[in-house]
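Down below is the structure, laid out as structure tokens.
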Amino acid sequence: MVDNRLIDELRQIVGNENILTSKISLETYSFDASPYSGRPSVVVFPTTTEMVANIVNIANKNDIPLMPRGAGSCLSGGAIAPDGSIVISLTKMNNILEIDPLSKIVLVEPGITNKQVQLAVEQYGLMYAPDPASQNISTIGGNIAENAGGIRGVKYGSTKDHILGLEVVLPTGDVITTGNIHSQVEPELDLTYYFCGSEGTLGIVTKAWLALSPINPEVKTMTAIFGSLEDAGSCVAEIIAKGVVPTTMEIMDNTVIKAVDDYLKLGFPRDAEALLLLEIDGFPSDVKTQVNSIINAFASNHALSYKIAGNEQERLDLWKARRSVNGALGKLKPANIVHDIVVPRDRLALMLEKVAQMAKKYGIIIGQVAHAGDGNLHPTLYYDHRIPEEVEIVEEACDEIIKETIAQGGTISGEHGIGIEKLKYMPLAFSKPTLNLMKNIKDAFDPKNICNPGKLLPQITED
Amino acid sequence: MKKDELLKILMNCNRCGMCQEVCPTYRVSHIEANVARGRNRLIRLALENQLNLDKEPEVEKIINECLLCKACEDSCPSGVPTPEIIASIRAHYTNTKGLPLGKKIMYRGVFSNNKTISLVRNLAWIYQKCGINKLVKFTGLFNKTDEMLPNLPPKNVRSQLPVLLKVLPNADHRVAYFLGCSVNNFFSSIGVASIKVLQENNCDVIVPEVNCCGAPHHSAGDMEEFKRLAKNNLRMLNDLDVEAIIFDCSTCGSVIKDYENLFTGDEEYEKIAAQVAEKVQDISSYLISIDFNKNMGTISKKVTYHDPCHGIRFLKVKDAPREILKSIPGLELIEMQEADMCCGGAGSYGIFNPKLSRDILARKMENFKNTQADILATSCPACTMQLSFGMKIHNLNCSVKHPVELLVQAYEIKSL
Amino acid sequence: MENTEFLRSLRAEVNNISTAINPSDLDINLEQNYNPQLVLTPNSIGEIVSIVKLANKYGVPVYPIGSGSKFSKGISPFDEGVLVSLKNLNKVIEYRPDNMSIEVEGGLPINELQRMLAKDNIFFPIDASNDLQTIGGLIATNAFGRKKYMYKTTRFYVMGMEFISPQGEIIKVGGRTIKNVSSYDVHQLLAGSWGTLGIITKATLRVKPVPEKGIVLGYVAKNGNELLKVIDSILYKEKLSLASLTFEQLDSGFLIKLELEGFAETLKLQQELLQCKYGFSESSYGFADIDNAHGIIALPLKSYLKGLGKLLEHNSGDKDIKIRGNATSGLLSFNTNASRDMLQNIADSINTLQGTFVFGNHSLTEKNRGLAYNHLIRNIKNKMDPNHILVPASKVMRE
């Protein structure tokens, strides 16, 4: 129980300006970008590792759940405060500690936003490759917790591919450093990559060593329009098979095209069934070779037309469209559920078709955006949450989507995480022994289960 | 706005959090109560009867801490009009509780009445000139407010009109110049510059007897007084035989352009407001449109431009002032980081929310310092006041100027 | 031998389980002091499950082995336990060239995998030092090759895994997609765990199309100073499709080799630049052996040149030292009969540069992550292997 004595202890650690206790301020920390809500009992804003460790110690001593939080832009409910928890907001712990442009490494604090890291390293001709759609606001700590992917994922991978090491405050209050910035020549168990994607349930990251990539001199952005989702999907598979590695490949369906165009008025074709958006980067000679391959793939997959962005402004406009999708679609109906499924790339076209059929079958609006290059789809279902029938139909459709994903050999979350949202699907995706194993490992990190409880792992019933 | 309407708009917020990037109060405080999605959440709860607006002083405080800068709305993918929502709630507070005493005196007492403004201004000038302000500094009373007061000019603009206004029988253009309260009383050099520049470009200028545009009243939610002032201004500005009504204050310009929304249902004033709105022009935009006189002297300085919120997000003026600056020989224009982020002035915001205002100002001054420019240019006297204050407390020896002030300087150098 | 109970129960469950007494019967060369009591070559996952479950029941240590090339690196000498060879679990389970993924059993040697993929112009990007290394072994040791700079380490190519937990359960984690945030990345815990947390029976790997072209360029630097200058320039001043930069000491200087991979046209341009500006010329695909050396040093890139400089200083003139290195991986190797003191000197310098120095199979720059870290690793191990039967003699579990 968080009582006044405890609050005073916390206040001593972080200072009066860095603690929120009033009912109203806690209300503003009861939500994230998902439809769920939680009830924190206090929010603190530490600025040093020591403060974080002290806070965790207090939580430990008093058996109080805690939750680390960044920007709170999580779509699966990962940043929803467990009941009565201490929310540890890292937003004020947001410095860049060291940039080493020669080694292409940057050391950052967890509260800095992804975009701020990009801006800081730009002047060295470097970039931090993972660029989730939320990059303008999401924090590095949050990116690590969700192993955030990004639009550049197909070429550059996701967050874990760019983490070299971490400093973490464990749920026991101990501080550890994981990983290496040099090659490993002696046997050692590296926990760095287990923390990635652990959704804040194994500890709180207080420092991260990030690997940077050179900004490639030449970038070409192209779009192509197809008469069907299937054609677009096949085109994607062919492009990869030919050895081309675009930085990114995105498919937007008709519903999405219309919604985004309403918001941004970029002159997208209103009747296109699928829009394929690609970007190639590399040395100029690399880009030329690949662009030619792609144009051939367009032709052999019945593209109705294609366009290459002529200047930086056109290129930025195309990208703005893609990044605005989540919010722009919010105007269609008051509520929506965004799915985050991945299927093997060779099943992409099929999955897009199947979801489109589901929309017809259930009579609901489903907009589809896919990180086509890695098979990650975001079908979004729109409904009015005030109409019970619609809610029911949407739930059924969701279940069917997940089942179909698993049937196609895919996975139920590519980037958004399990959080609260997909807890119920975990037993479908994993056997009991596997879930038990994960629980045991979690117990090793967090014997008291105080670190972001209720997320990622479902309650396992004994049989 | 009615409750149903408000709720409907609020539902469009799906908490994506994109507002965090651009909201000045969030950027300096990092807490959810200081960003659109947090404020909207509370308002939505209130409208859904889950909390009582009138019994939660903390909510009122949060509502008042919004700068109304519109940065959130512009970057919101769902287009949620947060400033409008906030303004509606403030109107509700004013309706139910009335204005707090300080605001009542300042807004209704002083701003609403040209004569009173003049009187207060003259007193303030005396206060500064005869050194009483030094005594105030010494005692520490009213220090914060005193600090923010700019150095007042000896005369307001209106009193100088007989000397300033020339007759131009062969004028190419005939315009009305809207003399706003701030320019008139605090930054007369801007007003003088505007008139001179217009006349230099062969415009016949008239300066109608307008009253306060009502911006402070609107931001405080005093809709009754706001409407009264609006009607007066509209009557004054309508039916003038001019091709444009020129504004050198972005705030006044955008407020008057928006008067139409006040009079939904009132056919007569709706029509007048629309007619007047048609003629509203920011002075930089107007000068560009008449292909202003480029024959001028040299000012060898570095300048950077701060976009007033009302300029860039309400009147949608971005390139025009920069064009003006670039046209002055010798003047090097450097773009500032976050040039379009609010300065934290927001009219009287700085008096009622000093900490946030200063933190935001500090960030703006840091961005300015990094350009290493000599002059900070902007097109709104409220910004000018705040930025001048910033120069003072951050020990920067640089000046804050309206583009027309630099333009008139260049013209005058040429004619020497 | 002891554990006849164990063996008897095992035979009762698995009739045909083959056993050998000597590892050499299976073409495995273990060093002295590694003395398993029994060597088993199961033919299926089911058999491994039986072995592990019985091992738990009877308290018999289990040591999984692939090719054995890294065995002594990660495991200390032992006298007890069974060696379980994965050599018969070597099939390809699911190959999806359009998805750039392949699922294989843990005992498949890398050379067979590469041979199969080559038919579709695809390859597995980790260039193992030993052709016979198994996929399971590569993952367990998180192996990397000469081209680490371009292709990183094995763990980044593991999309999914099936393994047998220390308690004998079949665990399936991950999937066959590059992006996957559904639950904990247990396969990332197993990768680089040196066999202590499970026996890897299957892995789904991400593979890549073979780059259009690869070339090797060589140049002989006259002395240490020139060596440092060239490395500095190539690494930090040029933009290249660089896969590796290696060098070795010759009698007459240092032979530097650059390996480039990518698109043909781009490589042509880069080759021209390197020829004109530095004097590099086409060279062969033979490279210095970094792995087999008395002393191996690993340094962060930012202190690599300093470290190399120090090493050159310590040993100026002594050509028997045979200094070689992989600058892009931050590695330095050398042979030496140097004294204990000199070695300690080197170790101290390396410590200051935040690197690691391994001599023989021992680390001289004992990097200790502290009690909390070691405690956590032990906890994880204890939870997964409560009976302590899987690789108990591991060097990974520190005090």
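Just so we're on the same page: first chain in the structure tokens is A, next is B, and so on; residues restart at 1 for each chain, and ligands are numbered from 1 in the order they show up.
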
| Skipping near chain neighbours, those fewer than 3 positions away, what residues fall within 7 Å of stretch 395-404 of chain B using only C-alpha atoms, listed as a list in words? |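 Surrounding residues, per the criterion: Ile190, Ala193, Ser194, Val197, Pro321, Ile324, Leu325, Asp374, Ile375, Leu376, Ala377, Thr378, Ser379, Thr384, Leu387, Ser388, Met391, Lys392, Leu407 and Val408 of chain B.
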
| task | Excluding stretch 234-251 of chain A and any residue of its chain fewer than 2 positions from it, enumerate the residues within 8 Å of it, using only C-alpha atoms, and give them as an MDAnalysis selection string. | result | (chainID A and resid 151:156 230:232 253 274:281 290 293:294 297:298 300:301 345:346 349 368:373) or (chainID C and resid 97:99 209:211)

Please, could you write that set of residues out with N, CA, C and O atoms as a short mmCIF file (atom, residue, chain, number, x, y, z; two decimals), in the first residue's frame?
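After the write, again15.cif holds the following:
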```
data_model
loop_
_atom_site.label_atom_id
_atom_site.label_comp_id
_atom_site.auth_asym_id
_atom_site.auth_seq_id
_atom_site.Cartn_x
_atom_site.Cartn_y
_atom_site.Cartn_z
N ILE A 151 10.00 1.49 -40.01
CA ILE A 151 9.78 1.47 -41.44
C ILE A 151 11.02 0.98 -42.17
O ILE A 151 10.94 0.36 -43.21
N ARG A 152 12.18 1.20 -41.56
CA ARG A 152 13.42 0.76 -42.21
C ARG A 152 13.75 -0.69 -41.85
O ARG A 152 14.80 -1.20 -42.19
N GLY A 153 12.82 -1.34 -41.14
CA GLY A 153 13.10 -2.66 -40.59
C GLY A 153 13.59 -3.71 -41.56
O GLY A 153 14.46 -4.50 -41.22
N VAL A 154 13.06 -3.73 -42.76
CA VAL A 154 13.41 -4.82 -43.66
C VAL A 154 14.90 -4.82 -44.00
O VAL A 154 15.50 -5.86 -44.18
N LYS A 155 15.50 -3.65 -44.05
CA LYS A 155 16.94 -3.62 -44.35
C LYS A 155 17.77 -3.56 -43.08
O LYS A 155 18.81 -4.19 -42.96
N TYR A 156 17.34 -2.76 -42.13
CA TYR A 156 18.19 -2.51 -40.96
C TYR A 156 17.81 -3.30 -39.72
O TYR A 156 18.51 -3.28 -38.74
N GLU A 230 -3.22 -8.54 -53.83
CA GLU A 230 -2.43 -9.73 -54.16
C GLU A 230 -1.25 -9.38 -55.06
O GLU A 230 -0.13 -9.82 -54.83
N ASP A 231 -1.53 -8.57 -56.08
CA ASP A 231 -0.45 -8.16 -56.98
C ASP A 231 0.65 -7.45 -56.21
O ASP A 231 1.84 -7.69 -56.43
N ALA A 232 0.24 -6.56 -55.30
CA ALA A 232 1.24 -5.82 -54.52
C ALA A 232 2.09 -6.79 -53.70
O ALA A 232 3.31 -6.68 -53.64
N ASP A 253 -3.67 -0.01 -48.08
CA ASP A 253 -4.83 -0.41 -48.87
C ASP A 253 -5.76 0.79 -49.12
O ASP A 253 -5.51 1.90 -48.63
N ALA A 274 -4.20 -0.92 -53.89
CA ALA A 274 -3.01 -1.02 -53.03
C ALA A 274 -1.97 -0.04 -53.51
O ALA A 274 -1.78 0.17 -54.70
N LEU A 275 -1.32 0.59 -52.53
CA LEU A 275 -0.23 1.50 -52.84
C LEU A 275 1.03 0.90 -52.22
O LEU A 275 1.04 0.60 -51.03
N LEU A 276 2.05 0.72 -53.02
CA LEU A 276 3.31 0.19 -52.52
C LEU A 276 4.30 1.34 -52.46
O LEU A 276 4.51 2.03 -53.45
N LEU A 277 4.88 1.54 -51.29
CA LEU A 277 5.81 2.64 -51.08
C LEU A 277 7.17 2.03 -50.77
O LEU A 277 7.29 1.22 -49.87
N LEU A 278 8.19 2.37 -51.57
CA LEU A 278 9.51 1.76 -51.35
C LEU A 278 10.57 2.82 -51.22
O LEU A 278 10.47 3.88 -51.80
N GLU A 279 11.60 2.47 -50.49
CA GLU A 279 12.75 3.36 -50.44
C GLU A 279 14.02 2.51 -50.53
O GLU A 279 14.12 1.47 -49.88
N ILE A 280 14.94 2.97 -51.38
CA ILE A 280 16.23 2.28 -51.50
C ILE A 280 17.29 3.25 -51.05
O ILE A 280 17.25 4.42 -51.41
N ASP A 281 18.26 2.79 -50.28
CA ASP A 281 19.39 3.68 -49.99
C ASP A 281 20.68 2.90 -50.18
O ASP A 281 20.69 1.68 -50.20
N GLN A 290 19.46 -1.44 -58.11
CA GLN A 290 18.27 -1.96 -57.44
C GLN A 290 16.99 -1.35 -57.99
O GLN A 290 15.96 -2.03 -58.14
N SER A 293 15.90 -3.20 -61.01
CA SER A 293 15.28 -4.48 -60.65
C SER A 293 13.84 -4.28 -60.21
O SER A 293 12.94 -5.03 -60.58
N ILE A 294 13.64 -3.24 -59.42
CA ILE A 294 12.30 -2.99 -58.89
C ILE A 294 11.33 -2.64 -60.00
O ILE A 294 10.19 -3.12 -60.03
N ALA A 297 10.14 -5.61 -61.59
CA ALA A 297 9.19 -6.34 -60.75
C ALA A 297 7.81 -5.70 -60.82
O ALA A 297 6.78 -6.37 -60.81
N PHE A 298 7.78 -4.37 -60.90
CA PHE A 298 6.49 -3.68 -61.02
C PHE A 298 5.77 -4.19 -62.27
O PHE A 298 4.60 -4.54 -62.25
N SER A 300 6.20 -6.91 -64.08
CA SER A 300 5.75 -8.30 -64.12
C SER A 300 4.66 -8.61 -63.12
O SER A 300 4.10 -9.70 -63.11
N ASN A 301 4.32 -7.65 -62.25
CA ASN A 301 3.23 -7.86 -61.31
C ASN A 301 2.06 -6.92 -61.54
O ASN A 301 1.30 -6.61 -60.63
N ARG A 345 6.97 -13.76 -45.27
CA ARG A 345 6.79 -12.89 -46.42
C ARG A 345 6.11 -13.58 -47.59
O ARG A 345 5.36 -12.95 -48.33
N ASP A 346 6.34 -14.89 -47.72
CA ASP A 346 5.73 -15.57 -48.86
C ASP A 346 4.23 -15.81 -48.66
O ASP A 346 3.57 -16.31 -49.55
N ALA A 349 0.76 -11.75 -49.36
CA ALA A 349 -0.35 -11.44 -50.26
C ALA A 349 -1.60 -12.19 -49.85
O ALA A 349 -2.70 -11.64 -49.79
N GLN A 368 -5.80 -1.63 -44.03
CA GLN A 368 -4.56 -2.42 -43.88
C GLN A 368 -3.32 -1.64 -44.29
O GLN A 368 -3.25 -1.07 -45.38
N VAL A 369 -2.37 -1.63 -43.38
CA VAL A 369 -1.05 -1.08 -43.69
C VAL A 369 -0.06 -2.17 -43.32
O VAL A 369 -0.20 -2.80 -42.28
N ALA A 370 0.90 -2.41 -44.18
CA ALA A 370 1.84 -3.49 -43.88
C ALA A 370 3.28 -3.04 -44.10
O ALA A 370 3.58 -2.35 -45.06
N HIS A 371 4.14 -3.46 -43.19
CA HIS A 371 5.58 -3.34 -43.43
C HIS A 371 5.91 -4.53 -44.31
O HIS A 371 6.36 -5.56 -43.83
N ALA A 372 5.60 -4.38 -45.58
CA ALA A 372 5.60 -5.53 -46.46
C ALA A 372 6.93 -6.25 -46.50
O ALA A 372 6.99 -7.45 -46.67
N GLY A 373 8.01 -5.52 -46.34
CA GLY A 373 9.32 -6.13 -46.46
C GLY A 373 9.58 -7.22 -45.44
O GLY A 373 10.34 -8.15 -45.69
N PRO C 97 12.82 -20.26 -49.42
CA PRO C 97 13.66 -19.23 -50.03
C PRO C 97 12.93 -17.90 -50.23
O PRO C 97 13.55 -16.86 -50.11
N ASP C 98 11.62 -17.93 -50.49
CA ASP C 98 10.90 -16.67 -50.67
C ASP C 98 10.76 -15.89 -49.39
O ASP C 98 10.52 -14.69 -49.41
N ASN C 99 10.90 -16.54 -48.29
CA ASN C 99 10.84 -15.86 -47.01
C ASN C 99 12.24 -15.64 -46.45
O ASN C 99 12.41 -15.12 -45.37
N PRO C 209 20.44 -13.22 -49.67
CA PRO C 209 20.91 -13.48 -51.03
C PRO C 209 22.42 -13.23 -51.08
O PRO C 209 22.93 -12.33 -50.42
N VAL C 210 23.14 -14.03 -51.86
CA VAL C 210 24.58 -13.84 -52.00
C VAL C 210 24.83 -12.48 -52.65
O VAL C 210 24.18 -12.15 -53.63
N PRO C 211 25.75 -11.69 -52.10
CA PRO C 211 26.02 -10.39 -52.73
C PRO C 211 26.50 -10.58 -54.16
O PRO C 211 27.10 -11.60 -54.48
#
```

| Which parts of stretch 204-364 of chain C does DSSP call strand (DSSP E or B) when run on the backbone here, written out as a ChimeraX atom specification? | /C:204-206,208-209,213-221,242-250,253-262,281-282,295-298,324-326,331-334,356-359,362-363

Sort by chain and increasing residue number a table of all residues of chain B within 9 Å of chain A, each with its closest pair of atoms and their distance in Å to one decimal, counting only C-alpha atoms, and write it as JSON lines.
```
{"residue": "B:Lys8", "atom": "CA", "partner": "A:Pro334", "partner_atom": "CA", "distance": 8.6}
{"residue": "B:Met11", "atom": "CA", "partner": "A:Pro334", "partner_atom": "CA", "distance": 6.0}
{"residue": "B:Asn12", "atom": "CA", "partner": "A:Lys331", "partner_atom": "CA", "distance": 5.9}
{"residue": "B:Cys13", "atom": "CA", "partner": "A:Gly330", "partner_atom": "CA", "distance": 7.5}
{"residue": "B:Asn14", "atom": "CA", "partner": "A:Gly330", "partner_atom": "CA", "distance": 6.5}
{"residue": "B:Arg15", "atom": "CA", "partner": "A:Ala33", "partner_atom": "CA", "distance": 4.8}
{"residue": "B:Cys16", "atom": "CA", "partner": "A:Ala33", "partner_atom": "CA", "distance": 5.1}
{"residue": "B:Gly17", "atom": "CA", "partner": "A:Ser73", "partner_atom": "CA", "distance": 6.0}
{"residue": "B:Met18", "atom": "CA", "partner": "A:Ile137", "partner_atom": "CA", "distance": 6.4}
{"residue": "B:Cys19", "atom": "CA", "partner": "A:Ile137", "partner_atom": "CA", "distance": 8.4}
{"residue": "B:Gln20", "atom": "CA", "partner": "A:Ile137", "partner_atom": "CA", "distance": 6.3}
{"residue": "B:Glu21", "atom": "CA", "partner": "A:Ile137", "partner_atom": "CA", "distance": 5.7}
{"residue": "B:Ser29", "atom": "CA", "partner": "A:Lys92", "partner_atom": "CA", "distance": 8.3}
{"residue": "B:His30", "atom": "CA", "partner": "A:Thr91", "partner_atom": "CA", "distance": 6.0}
{"residue": "B:Ile31", "atom": "CA", "partner": "A:Thr91", "partner_atom": "CA", "distance": 8.1}
{"residue": "B:Glu32", "atom": "CA", "partner": "A:Thr28", "partner_atom": "CA", "distance": 5.8}
{"residue": "B:Ala33", "atom": "CA", "partner": "A:Thr28", "partner_atom": "CA", "distance": 5.9}
{"residue": "B:Arg37", "atom": "CA", "partner": "A:Thr28", "partner_atom": "CA", "distance": 8.7}
{"residue": "B:Gly38", "atom": "CA", "partner": "A:Thr28", "partner_atom": "CA", "distance": 5.4}
{"residue": "B:Arg39", "atom": "CA", "partner": "A:Thr28", "partner_atom": "CA", "distance": 7.9}
{"residue": "B:Arg41", "atom": "CA", "partner": "A:Thr28", "partner_atom": "CA", "distance": 7.2}
{"residue": "B:Leu42", "atom": "CA", "partner": "A:Thr28", "partner_atom": "CA", "distance": 7.4}
{"residue": "B:Glu56", "atom": "CA", "partner": "A:Ile24", "partner_atom": "CA", "distance": 8.2}
{"residue": "B:Glu58", "atom": "CA", "partner": "A:Ile24", "partner_atom": "CA", "distance": 6.9}
{"residue": "B:Val59", "atom": "CA", "partner": "A:Ile24", "partner_atom": "CA", "distance": 7.0}
{"residue": "B:Cys76", "atom": "CA", "partner": "A:Gly327", "partner_atom": "CA", "distance": 7.3}
{"residue": "B:Pro77", "atom": "CA", "partner": "A:Gly327", "partner_atom": "CA", "distance": 4.5}
{"residue": "B:Ser78", "atom": "CA", "partner": "A:Ala328", "partner_atom": "CA", "distance": 5.0}
{"residue": "B:Gly79", "atom": "CA", "partner": "A:Tyr263", "partner_atom": "CA", "distance": 8.1}
```

Mind writing the picked residues with N, CA, C and O atoms as a JSON list (two decimals), in the first residue's frame?
```
[["chain", "number", "residue", "atom", "x", "y", "z"],
["B", 8, "LYS", "N", -18.01, 15.02, -29.01],
["B", 8, "LYS", "CA", -17.82, 14.39, -30.31],
["B", 8, "LYS", "C", -16.40, 14.65, -30.82],
["B", 8, "LYS", "O", -15.70, 13.76, -31.28],
["B", 11, "MET", "N", -13.68, 12.77, -28.83],
["B", 11, "MET", "CA", -13.55, 11.34, -29.12],
["B", 11, "MET", "C", -12.57, 11.06, -30.24],
["B", 11, "MET", "O", -12.09, 9.95, -30.39],
["B", 12, "ASN", "N", -12.30, 12.09, -31.04],
["B", 12, "ASN", "CA", -11.33, 11.88, -32.12],
["B", 12, "ASN", "C", -9.92, 11.70, -31.60],
["B", 12, "ASN", "O", -9.03, 11.25, -32.32],
["B", 13, "CYS", "N", -9.69, 12.08, -30.35],
["B", 13, "CYS", "CA", -8.34, 11.91, -29.80],
["B", 13, "CYS", "C", -8.16, 10.45, -29.46],
["B", 13, "CYS", "O", -8.86, 9.92, -28.61],
["B", 14, "ASN", "N", -7.24, 9.77, -30.15],
["B", 14, "ASN", "CA", -7.02, 8.37, -29.78],
["B", 14, "ASN", "C", -5.70, 8.20, -29.04],
["B", 14, "ASN", "O", -5.07, 7.17, -29.08],
["B", 15, "ARG", "N", -5.30, 9.25, -28.36],
["B", 15, "ARG", "CA", -4.18, 9.22, -27.42],
["B", 15, "ARG", "C", -2.86, 8.82, -28.05],
["B", 15, "ARG", "O", -1.98, 8.31, -27.39],
["B", 16, "CYS", "N", -2.70, 9.08, -29.34],
["B", 16, "CYS", "CA", -1.47, 8.64, -29.98],
["B", 16, "CYS", "C", -0.24, 9.31, -29.39],
["B", 16, "CYS", "O", 0.86, 8.79, -29.46],
["B", 17, "GLY", "N", -0.42, 10.52, -28.83],
["B", 17, "GLY", "CA", 0.71, 11.18, -28.17],
["B", 17, "GLY", "C", 1.58, 12.05, -29.06],
["B", 17, "GLY", "O", 2.58, 12.60, -28.61],
["B", 18, "MET", "N", 1.19, 12.21, -30.34],
["B", 18, "MET", "CA", 2.02, 13.01, -31.25],
["B", 18, "MET", "C", 2.16, 14.44, -30.77],
["B", 18, "MET", "O", 3.12, 15.13, -31.11],
["B", 19, "CYS", "N", 1.20, 14.90, -29.98],
["B", 19, "CYS", "CA", 1.26, 16.28, -29.49],
["B", 19, "CYS", "C", 2.48, 16.51, -28.60],
["B", 19, "CYS", "O", 2.96, 17.64, -28.48],
["B", 20, "GLN", "N", 3.00, 15.42, -28.00],
["B", 20, "GLN", "CA", 4.15, 15.58, -27.10],
["B", 20, "GLN", "C", 5.33, 16.25, -27.81],
["B", 20, "GLN", "O", 6.14, 16.92, -27.18],
["B", 21, "GLU", "N", 5.43, 16.00, -29.11],
["B", 21, "GLU", "CA", 6.62, 16.51, -29.79],
["B", 21, "GLU", "C", 6.62, 18.03, -29.88],
["B", 21, "GLU", "O", 7.64, 18.68, -29.81],
["B", 29, "SER", "N", 8.31, 20.55, -19.40],
["B", 29, "SER", "CA", 7.96, 19.95, -18.11],
["B", 29, "SER", "C", 7.90, 18.42, -18.14],
["B", 29, "SER", "O", 8.01, 17.79, -17.10],
["B", 30, "HIS", "N", 7.73, 17.84, -19.32],
["B", 30, "HIS", "CA", 7.69, 16.38, -19.48],
["B", 30, "HIS", "C", 6.58, 15.69, -18.71],
["B", 30, "HIS", "O", 6.72, 14.52, -18.35],
["B", 31, "ILE", "N", 5.51, 16.39, -18.37],
["B", 31, "ILE", "CA", 4.41, 15.69, -17.69],
["B", 31, "ILE", "C", 3.13, 15.74, -18.53],
["B", 31, "ILE", "O", 2.87, 16.67, -19.26],
["B", 32, "GLU", "N", 2.34, 14.67, -18.41],
["B", 32, "GLU", "CA", 1.16, 14.49, -19.26],
["B", 32, "GLU", "C", 0.10, 15.56, -19.05],
["B", 32, "GLU", "O", -0.66, 15.85, -19.97],
["B", 33, "ALA", "N", 0.04, 16.14, -17.86],
["B", 33, "ALA", "CA", -0.99, 17.17, -17.63],
["B", 33, "ALA", "C", -0.70, 18.40, -18.47],
["B", 33, "ALA", "O", -1.55, 19.25, -18.66],
["B", 37, "ARG", "N", -3.12, 15.66, -25.12],
["B", 37, "ARG", "CA", -3.89, 14.46, -24.85],
["B", 37, "ARG", "C", -4.24, 14.33, -23.37],
["B", 37, "ARG", "O", -5.27, 13.77, -23.00],
["B", 38, "GLY", "N", -3.36, 14.87, -22.50],
["B", 38, "GLY", "CA", -3.65, 14.83, -21.06],
["B", 38, "GLY", "C", -4.76, 15.79, -20.70],
["B", 38, "GLY", "O", -5.72, 15.43, -19.99],
["B", 39, "ARG", "N", -4.68, 17.01, -21.24],
["B", 39, "ARG", "CA", -5.72, 18.00, -20.94],
["B", 39, "ARG", "C", -7.06, 17.54, -21.49],
["B", 39, "ARG", "O", -8.10, 17.64, -20.82],
["B", 41, "ARG", "N", -8.04, 14.54, -22.02],
["B", 41, "ARG", "CA", -8.53, 13.42, -21.23],
["B", 41, "ARG", "C", -9.34, 13.92, -20.05],
["B", 41, "ARG", "O", -10.43, 13.44, -19.75],
["B", 42, "LEU", "N", -8.80, 14.91, -19.35],
["B", 42, "LEU", "CA", -9.49, 15.44, -18.18],
["B", 42, "LEU", "C", -10.82, 16.09, -18.58],
["B", 42, "LEU", "O", -11.84, 15.91, -17.92],
["B", 56, "GLU", "N", -12.73, 21.03, -9.03],
["B", 56, "GLU", "CA", -11.34, 20.57, -9.10],
["B", 56, "GLU", "C", -10.44, 21.73, -9.51],
["B", 56, "GLU", "O", -10.23, 21.97, -10.70],
["B", 58, "GLU", "N", -7.36, 21.92, -9.49],
["B", 58, "GLU", "CA", -6.19, 21.50, -10.24],
["B", 58, "GLU", "C", -6.51, 21.42, -11.73],
["B", 58, "GLU", "O", -5.69, 21.76, -12.57],
["B", 59, "VAL", "N", -7.71, 20.96, -12.05],
["B", 59, "VAL", "CA", -8.10, 20.90, -13.45],
["B", 59, "VAL", "C", -8.13, 22.30, -14.06],
["B", 59, "VAL", "O", -7.65, 22.53, -15.16],
["B", 76, "CYS", "N", -1.72, 17.14, -35.05],
["B", 76, "CYS", "CA", -2.57, 16.03, -34.63],
["B", 76, "CYS", "C", -3.12, 15.32, -35.86],
["B", 76, "CYS", "O", -3.80, 15.94, -36.67],
["B", 77, "PRO", "N", -2.82, 14.04, -36.02],
["B", 77, "PRO", "CA", -3.31, 13.34, -37.20],
["B", 77, "PRO", "C", -4.84, 13.30, -37.26],
["B", 77, "PRO", "O", -5.41, 13.17, -38.33],
["B", 78, "SER", "N", -5.50, 13.39, -36.11],
["B", 78, "SER", "CA", -6.96, 13.40, -36.13],
["B", 78, "SER", "C", -7.52, 14.82, -36.16],
["B", 78, "SER", "O", -8.72, 15.01, -36.20],
["B", 79, "GLY", "N", -6.62, 15.81, -36.13],
["B", 79, "GLY", "CA", -7.06, 17.20, -36.21],
["B", 79, "GLY", "C", -7.88, 17.67, -35.04],
["B", 79, "GLY", "O", -8.73, 18.55, -35.17]]
```

| task | Tell me which protein, DNA and RNA residues are within 9 Å of stretch 158-162 of chain B, counting only C-alpha atoms, leaving out same-chain ones fewer than 2 positions away, and put them as a list in words. | result |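 With the cut-off at 9 Å, the set is Lys155, Asn156, Leu164, Leu165, Lys166, Leu179, Asn184, Asn185, Ser188, Val192 and Val207 of chain B.
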